[in-house]
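*Asks:* Here you go, one structure.
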Amino acid sequence: MTEFVVKDMLTVKNIVGQLDQNINLIMEKLDVKISISDDTFKIDGENSEIAKNVLMVLSKKSKSGDVDLNDISYIIDLAREHRENEVLNLNDKPIAFTANGRSLFPKTIGQKRYIESINNNDIVFGTGPAGTGKTYLAIALACQAFRNKQFERIILTRPAVEAGESLGFLPGDLKEKVDPYLRPVYDALFEIIGGEQYQKYIEKGLIEIAPLAYMRGRTLDKSFIILDEAQNTTPEQMKMFLTRLGYSSKMVITGDLTQTDLPRGKMSGLKNAIELLRRTKGIGIEELQKVDIVRHPLVRKVIEVYEQEALRLEKIREDKKKEKENKNEE
């Protein structure tokens with residue numbers, strides 16, 4: 001039996017969570033039993049010390065704001081490796097503020113590294129599965145830097161691979177053509193700068209949203225430029241984009257290498273660029289992992305299942321290939 005005492009009853013309430021959801025999650029993930037008597041948590045089970053360490057971190061974090069189930073899952077994962085205290089540095093300083101004044105902080109250590117890389121490099125590649133905040137954090141940093149007058153424009157782009165980049169053959173004006181492909185970008189912008197302010201910046205040309213094909217032949221000076229869904233670029237498109245970088249500008253290139261929509265056998269420009277530029281000074285490469293997912297806990301489980309299935313199918317293909325080679329040798 002392990003005990004953990006919290007003298008502040010409000011902190012006890014924050015640790016326990018609504019309808020005991022926080023404590024229930026800790027008990028489920030660590031296979032322990034937790035009972036509460038006044039200000040004392042009593043923990044029983046093989047992982048009781050790990051659970052105690054989680055509770056200690058939660059007691060400190062809950063004083064600086066709400067703690068959600070994603071936070072707790074992440075702290076538990078770190079506690080298994082005796083790294084739980086690392087999360088206490090995540091709320092040191094907000095990276096940006098939303099339109100309604102809410103402070104934005106990195107949620108994971110991987111996100112913090114990604115943010116630091118963007119602040120310290122002129123070109124940054126950010127890869128990782130869905131839900132790791134690659135695009136959202138880049139937009140948040142772009143908006144905050146724009147507010148601080150570090151850049152004169154924000155430029156957001158992505159390859160319209162679903163339309164084969166042949167936007168000229170689609171009906172409607174440019175906005176109508178690219179809107180379906182840039183909805184996630186709009187959502188992030190509206191949250192951080194607000195719909196009214198966004199419209200003003202668009203009209204003045206201070207925020208530009210366009211498909212990748214429209215970047216050709218330009219030099220982008222004094223701009224914070226974000227290329228989203230970069231896994232769907234070809235090497236030629238990626239080279240074209242990277243060479244648009246002008247004076248006093250910054251580029252962030254985001255993508256998920258496991259979700260490419262390119263034709264089978266076509267090399268991803270994102271993968272190619274990372275391989276070529278990994279050792280280039282001034283270029284940052286940050287690879288976010290499943291542990292950095294900040295969406296619903298089921299998202300991580302879904303990704304894990306699909307990864308396992310992809311490995312199974314790859315093994316089947318390899319076995320068939322070997323079988324065919326053996327037959328040819330006979």
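Residues in the structure tokens are numbered from 1 in each chain, the chains being A, B, ... in the order shown, and ligands are numbered from 1 in the order shown.
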Just the residues within 9 Å of Ala145 (chain A), please, counting only C-alpha atoms, with nothing from its chain fewer than 6 positions along; format it as a list of chain:residue names.
*Replies:*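 Here the answer would be A:Ala96, A:Phe151, A:Phe224.
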*Asks:* Output the selection as an mmCIF file, in the first residue's frame - N, CA and C atoms for each residue.
*Replies:*
data_model
loop_
_atom_site.group_PDB
_atom_site.id
_atom_site.type_symbol
_atom_site.label_atom_id
_atom_site.label_comp_id
_atom_site.auth_asym_id
_atom_site.auth_seq_id
_atom_site.Cartn_x
_atom_site.Cartn_y
_atom_site.Cartn_z
ATOM 1 N N ALA A 96 1.421 31.282 -27.794
ATOM 2 C CA ALA A 96 0.519 32.166 -28.532
ATOM 3 C C ALA A 96 -0.776 32.304 -27.741
ATOM 4 N N PHE A 151 7.118 39.319 -38.926
ATOM 5 C CA PHE A 151 6.907 39.041 -40.350
ATOM 6 C C PHE A 151 5.786 39.933 -40.869
ATOM 7 N N PHE A 224 6.096 34.348 -43.127
ATOM 8 C CA PHE A 224 6.068 33.064 -42.415
ATOM 9 C C PHE A 224 5.243 32.139 -43.298
#
*Asks:* If we count only C-alpha atoms and set the cut-off at 8 Å, which residues sit around Glu3 (chain A), ignoring sequence neighbours fewer than 3 positions away in its own chain? Please answer as a VMD selection string.
*Replies:* chain A and resid 40 to 43 52
*Asks:* To one decimal in Å, tell me the separation between CA of Pro211 (chain A) and CA of Arg158 (chain A).
*Replies:*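 These two atoms are separated by 5.3 Å.
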*Asks:* Would you pick out the contacts of region 187-201 of chain A at 10 Å or less, using only C-alpha atoms, so that residues sharing its chain but fewer than 3 positions from it are not included, and give the list as a PyMOL selection string?
*Replies:* chain A and resi 96-102+104+135-144+147+153-154+182-184+204-208
*Asks:* Please list as a VMD selection string every residue within 12 Å of Ile115 (chain A), counting only C-alpha atoms and excluding residues in the same chain fewer than 3 positions away.
*Replies:* chain A and resid 90 93 to 96 104 to 112 118 to 121 124 to 126 133 to 142 252 284 to 288
*Asks:* Could you write out that same residue set with C-alpha atoms as a compact mmCIF listing (two decimals), in the first residue's frame?
*Replies:*
# COMPACT_ATOMS: atom_id res chain seq x y z
CA LEU A 90 5.65 22.59 -20.68
CA LYS A 93 5.49 30.33 -21.22
CA PRO A 94 2.55 30.45 -23.66
CA ILE A 95 3.54 30.18 -27.32
CA ALA A 96 0.52 32.17 -28.53
CA LEU A 104 -1.64 28.09 -25.88
CA PHE A 105 1.05 25.76 -24.56
CA PRO A 106 2.77 22.67 -25.96
CA LYS A 107 1.04 19.53 -24.71
CA THR A 108 3.97 17.14 -25.04
CA ILE A 109 7.77 17.16 -24.92
CA GLY A 110 7.84 16.38 -28.64
CA GLN A 111 5.66 19.42 -29.35
CA LYS A 112 7.96 21.61 -27.25
CA ILE A 118 10.69 26.51 -35.46
CA ASN A 119 11.93 29.39 -33.32
CA ASN A 120 15.59 28.54 -33.97
CA ASN A 121 15.62 27.62 -37.69
CA VAL A 124 11.71 23.27 -40.34
CA PHE A 125 10.23 19.92 -41.34
CA GLY A 126 7.62 18.58 -38.91
CA GLY A 133 -0.48 19.33 -33.69
CA LYS A 134 1.99 19.78 -36.56
CA THR A 135 -0.09 22.28 -38.52
CA TYR A 136 -1.95 23.88 -35.63
CA LEU A 137 1.24 24.76 -33.73
CA ALA A 138 2.90 26.14 -36.87
CA ILE A 139 -0.12 28.38 -37.52
CA ALA A 140 -0.20 29.49 -33.87
CA LEU A 141 3.48 30.47 -34.02
CA ALA A 142 2.97 32.22 -37.38
CA VAL A 252 7.55 25.22 -41.85
CA GLY A 284 15.36 21.65 -38.39
CA ILE A 285 13.73 18.23 -38.64
CA GLU A 286 11.31 17.15 -35.91
CA GLU A 287 9.55 13.79 -36.00
CA LEU A 288 6.51 13.68 -33.70
